[in-house]
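Since the structure comes first, as structure tokens, the remarks are kept for the end.
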Amino acid sequence: MDPVFDPYYRWLGIPPEEQPPDRYRLLGVPPFERDVEVIQNAVDRQMMHIRTFQAGPHSAESQRILNEIAAARACLLDPAQKAAYDRRLYAELHQPPPQPPTEPQPPAPAPVPTAYPVTSPDPTPPARAPYGPTFPPAPARRKTRRRRKSGDRTVREIVGVVVGGVSGVAIALAVLWYGFGVDALGVMARFAPRSGSEFVAEGGSDEQGDAGATGTQASRLASRDGAASRAASGSASASDSATTIPPDAAQQKAAVQAKAAPPAPSSPFAQLVSVTPNEWADGAVELGVVPPGGVERWQFSLVSDFVDLGGQLEFAMPVASSIDPTGVGWPIYLQPRGEAAPETQTLAATLFVEDGRLKLEANGEGDEAARRQLLNTIFSFTDGDHSRDLPLRQPDEREAVLLNLDEKVIAASLATEALPPAEKLVLHIAELEGFPAGVSADPAAMRLRIGDRAAIEISTGLSDYSAEIEVQFDQIQTAPEVRIRAWHREGDRREQFTSEHVKSEYAILQKKIAQDQGTLAAAQTALRNAESALRSVAARRPANSIEAANLRNQAIALQKQRTKAIGAIRRLTTAIPKMQAAVARLEAVARLGAQLHNTARIHFRVAAAAEGRELPLIHLTGPNSG
């Protein structure tokens, strides 16, 4: 295998300097894209493209990128997750730009767009070759008068062109500023009132010029694009000189994107986010941005009853309302369950603020298992009228369970890192996708504990026939598992609903119908033969008593054959239509199976429940989930 193989660059055209890509870049859509259909189409396009490499030598890389695309889809198509991600990405894109190198660099030529008027160093226009017929010179007096009139007309034309050009540029600037929020020459913002919140949102300050703020903002938003970043940096450095260089197209696009970014949230907790388990690898995780001056008013507490820790230990966090003056932060202790004596506590982690960001750092000498279990807790924040429960870990995003009716049991393991105890787990049936009309169950009301079962009834369109999807939530060894079976019912009879079973039962009924139809035809022939023989016996006249006895015995045997044939005909005449009706019902079930097979999906959400709260653990959302 190629040791330097870069799947992002080879397959998606994402160069190394833009890696790891954010979720918008991974899907190939603009940052903060709001159109759900655009995002969904991008997901389908990228997945279809990456799946073409699954059978090649880089199948592991293709599966990893498919998982990242699925996670991006689940995040960007969920309004709450998208809003949190947009705020985090917005904060990342507005990090201070890197310092320029200390070594002197040759000045790059400033880009001059052709859309703006350019003044030539030599105002004298180049001489043109004469065209048209050449006339002899006029007398001196007439020539002087003509020159004077021509000069007046030329001056008026120049003045008109200059006035018209200035007016056109002013109108264009006004349209760009008021219509699209783009300050092309950096002069409109000088006359617009700006508040302190606008400076915070745009990353500027009172000591910076407006053009410098615009250039810095463009540089931050274009940090993932090398060419756009260089153009924006050049514009920002040029703004410090006496001459203002008009922004290029990349800067204008960055400014428009900055205008379209989410506004600053009113809640102090809006920019706090959960983390994924792999973010904890370095012993510290970042929980989001803290508004200036907001921490002193907060109150923190920890909900940790989701965690078992062998039933002997528990996490504890003193309620905190201000920054620790020693700079240590807010400690989270590990202590024996039910005991809060200082001598029995050991430091498990510390919550602190650094550079305007709320961070959680594990004790390097602490228990590794306890540190992993710390992810299965919830921070409870309170600040005046605002409150929020923040799960420390984001749920795992996985594929929804696809109904494959070729299998008797569809099992999906729900194993994940540092699971809470089984008795705290809850399984929600969140959504039914691709099911036909006639589903009687309400998926939003289905909430299963370990060992519970739920039935999803599906109408087949027949009064005495129905189908059922059974969902069972079990603990298999150390991991929970969801198991799904399909059934179909006829009255009190319940049969396994698989494609093979339906085909087999259909074939058995067809064979039985053919056999009974053959038996019916034979019984009808036997009946006709017996009746004909009886008529023949009845017409004969016995010559003696011995012949009379023989004829009576023949008549009795023929009568028994006739009675047996009549009974068989009656039974088969009733049974065959019933079997034909059963075949018709099986055909209806087979049509239902074709609608469900490899089409229907069940979306699940797995959570841990404690203290009236639920900690989300796993989302089985599927490729088309909204």
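Ordering of the structure tokens sets the chain letters (A, B, ...), residue numbers begin anew at 1 in every chain, and ligands are numbered from 1 in the order given.
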Would you mind listing what lies within 12 Å of Gln554 of chain A as a PyMOL selection string, with only C-alpha atoms counted and same-chain residues fewer than 5 positions away left out? chain A and resi 530-531+533-538+540+547-549+559-561
List as a Markdown table every residue of segment 487-592 of chain A that is in contact with segment 453-468 of chain A, defined as an atom at most 7 Å from one of its atoms (using only C-alpha atoms), together with the nearest atom pair and the distance in Å rounded to one decimal, sorted by chain and then rising number.
| residue | atom | partner | partner_atom | distance |
| --- | --- | --- | --- | --- |
| A:Trp487 | CA | A:Glu468 | CA | 5.1 |
| A:His488 | CA | A:Ala467 | CA | 4.1 |
| A:Arg489 | CA | A:Ser466 | CA | 5.3 |
| A:Glu490 | CA | A:Tyr465 | CA | 4.8 |
| A:Gly491 | CA | A:Asp464 | CA | 5.9 |
| A:Ala588 | CA | A:Thr460 | CA | 6.8 |
| A:Val589 | CA | A:Thr460 | CA | 6.6 |
| A:Leu592 | CA | A:Thr460 | CA | 6.9 |
For all heavy atoms, I'd like the residues from the last selection saved as a CSV table (one decimal), in the first residue's frame.
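Generated output (out-v5.csv):
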chain,number,residue,atom,x,y,z
A,487,TRP,N,-42.9,-11.1,11.2
A,487,TRP,CA,-43.9,-12.2,11.3
A,487,TRP,C,-45.1,-11.8,10.4
A,487,TRP,O,-45.4,-10.6,10.2
A,487,TRP,CB,-44.4,-12.3,12.8
A,487,TRP,CG,-43.4,-12.6,13.8
A,487,TRP,CD1,-42.7,-11.6,14.5
A,487,TRP,CD2,-42.9,-13.8,14.2
A,487,TRP,NE1,-41.8,-12.2,15.3
A,487,TRP,CE2,-41.9,-13.6,15.2
A,487,TRP,CE3,-43.2,-15.2,13.9
A,487,TRP,CZ2,-41.2,-14.6,15.8
A,487,TRP,CZ3,-42.5,-16.2,14.5
A,487,TRP,CH2,-41.5,-15.9,15.5
A,488,HIS,N,-45.9,-12.8,10.0
A,488,HIS,CA,-47.2,-12.6,9.4
A,488,HIS,C,-48.2,-13.5,10.1
A,488,HIS,O,-47.9,-14.7,10.5
A,488,HIS,CB,-47.2,-12.7,7.9
A,488,HIS,CG,-46.8,-14.1,7.4
A,488,HIS,ND1,-47.8,-15.0,7.1
A,488,HIS,CD2,-45.7,-14.7,7.2
A,488,HIS,CE1,-47.2,-16.2,6.7
A,488,HIS,NE2,-45.9,-16.0,6.7
A,489,ARG,N,-49.4,-13.0,10.2
A,489,ARG,CA,-50.5,-13.7,11.0
A,489,ARG,C,-51.7,-14.0,10.1
A,489,ARG,O,-52.0,-13.2,9.2
A,489,ARG,CB,-51.0,-12.9,12.2
A,489,ARG,CG,-49.9,-12.6,13.2
A,489,ARG,CD,-50.5,-11.6,14.3
A,489,ARG,NE,-49.6,-11.3,15.3
A,489,ARG,CZ,-49.5,-12.1,16.4
A,489,ARG,NH1,-50.2,-13.1,16.6
A,489,ARG,NH2,-48.6,-11.7,17.4
A,490,GLU,N,-52.3,-15.2,10.3
A,490,GLU,CA,-53.6,-15.5,9.7
A,490,GLU,C,-54.4,-16.1,10.9
A,490,GLU,O,-54.3,-17.2,11.3
A,490,GLU,CB,-53.4,-16.6,8.6
A,490,GLU,CG,-54.8,-16.9,8.0
A,490,GLU,CD,-54.6,-17.9,6.9
A,490,GLU,OE1,-53.6,-18.5,6.8
A,490,GLU,OE2,-55.6,-18.1,6.2
A,491,GLY,N,-55.3,-15.2,11.4
A,491,GLY,CA,-56.1,-15.6,12.5
A,491,GLY,C,-55.2,-15.8,13.8
A,491,GLY,O,-54.5,-14.9,14.1
A,588,ALA,N,-50.2,-11.4,-1.6
A,588,ALA,CA,-50.3,-10.1,-0.9
A,588,ALA,C,-49.2,-9.9,0.1
A,588,ALA,O,-48.6,-8.8,0.1
A,588,ALA,CB,-51.7,-9.9,-0.3
A,589,VAL,N,-48.9,-10.9,0.8
A,589,VAL,CA,-47.8,-10.8,1.8
A,589,VAL,C,-46.4,-10.7,1.0
A,589,VAL,O,-45.6,-9.9,1.4
A,589,VAL,CB,-47.7,-12.1,2.7
A,589,VAL,CG1,-46.5,-12.1,3.6
A,589,VAL,CG2,-49.0,-12.1,3.6
A,592,LEU,N,-46.0,-7.2,0.0
A,592,LEU,CA,-45.7,-6.3,1.2
A,592,LEU,C,-44.2,-6.6,1.5
A,592,LEU,O,-43.4,-5.6,1.8
A,592,LEU,CB,-46.5,-6.7,2.4
A,592,LEU,CG,-46.2,-6.0,3.7
A,592,LEU,CD1,-46.3,-4.5,3.6
A,592,LEU,CD2,-47.0,-6.6,4.8
Write out as a list in words the residues lying within 12 Å of Ile576 of chain A, counting only C-alpha atoms and excluding same-chain residues fewer than 4 positions away.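 Here the answer would be Leu509, Gln510, Lys511, Lys512, Ile513, Ala514, Gln515, Asp516, Gln517, Gly518, Thr519, Leu520, Ala568, Ile569, Arg570, Arg571, Leu572, Gln580, Ala581, Ala582 and Val583 of chain A.
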Extract, using only C-alpha atoms, all DNA, RNA and protein residues at most 7 Å from Thr382 of chain A, discarding same-chain residues fewer than 4 positions from it, and format them as a ChimeraX atom specification. /A:298-300,386-388
For the residues in the current selection, export N, CA, C and O atoms as a compact mmCIF listing (two decimals), in the first residue's frame.
# COMPACT_ATOMS: atom_id res chain seq x y z
N TRP A 298 -22.04 32.23 36.43
CA TRP A 298 -22.57 30.89 36.23
C TRP A 298 -22.55 30.07 37.52
O TRP A 298 -21.79 30.33 38.44
N GLN A 299 -23.38 29.02 37.51
CA GLN A 299 -23.31 27.98 38.52
C GLN A 299 -23.20 26.65 37.80
O GLN A 299 -23.89 26.41 36.81
N PHE A 300 -22.32 25.78 38.31
CA PHE A 300 -22.06 24.49 37.69
C PHE A 300 -22.43 23.38 38.65
O PHE A 300 -22.30 23.52 39.86
N HIS A 386 -31.25 31.67 32.26
CA HIS A 386 -30.76 30.66 31.32
C HIS A 386 -30.25 29.44 32.08
O HIS A 386 -29.61 29.56 33.12
N SER A 387 -30.55 28.26 31.53
CA SER A 387 -30.03 27.02 32.07
C SER A 387 -29.87 26.03 30.94
O SER A 387 -30.57 26.11 29.92
N ARG A 388 -28.95 25.09 31.13
CA ARG A 388 -28.72 24.09 30.09
C ARG A 388 -28.04 22.87 30.69
O ARG A 388 -27.16 23.00 31.54
Could you write out, as a VMD selection string, all the residues of segment 396-595 of chain A that DSSP marks as alpha helix (DSSP H)? chain A and resid 499 to 539 545 to 595
What does the distance between atom CA of Phe306 of chain A and atom CA of Val606 of chain A come to in Å, to one decimal place? 13.1 Å
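Taking only C-alpha atoms into account, Glu417 of chain A lies nearest to A:Ile618 out of the set A:Ile158, A:Ile39, A:Ile450, A:Ile618.
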Between atom CA of Pro268 of chain A and atom CA of Pro291 of chain A, what is the distance in Å, rounded to a tenth? 6.3 Å
Could you go through segment 293-448 of chain A and tell me which residues DSSP, when run on the backbone, assigns to strand (DSSP E), listing them as a PyMOL selection string? chain A and resi 299-303+313-316+330-336+346-354+357-362+378-383+386-391+396-398+401-402+410-413+425-433+447-448
Which residue is closest to Ala430 of chain A? Choose from A:Ala610, A:Leu77, A:Ala415, A:Leu448 and count only C-alpha atoms.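 Ranked by minimum distance to Ala430 of chain A, first place goes to A:Leu448.
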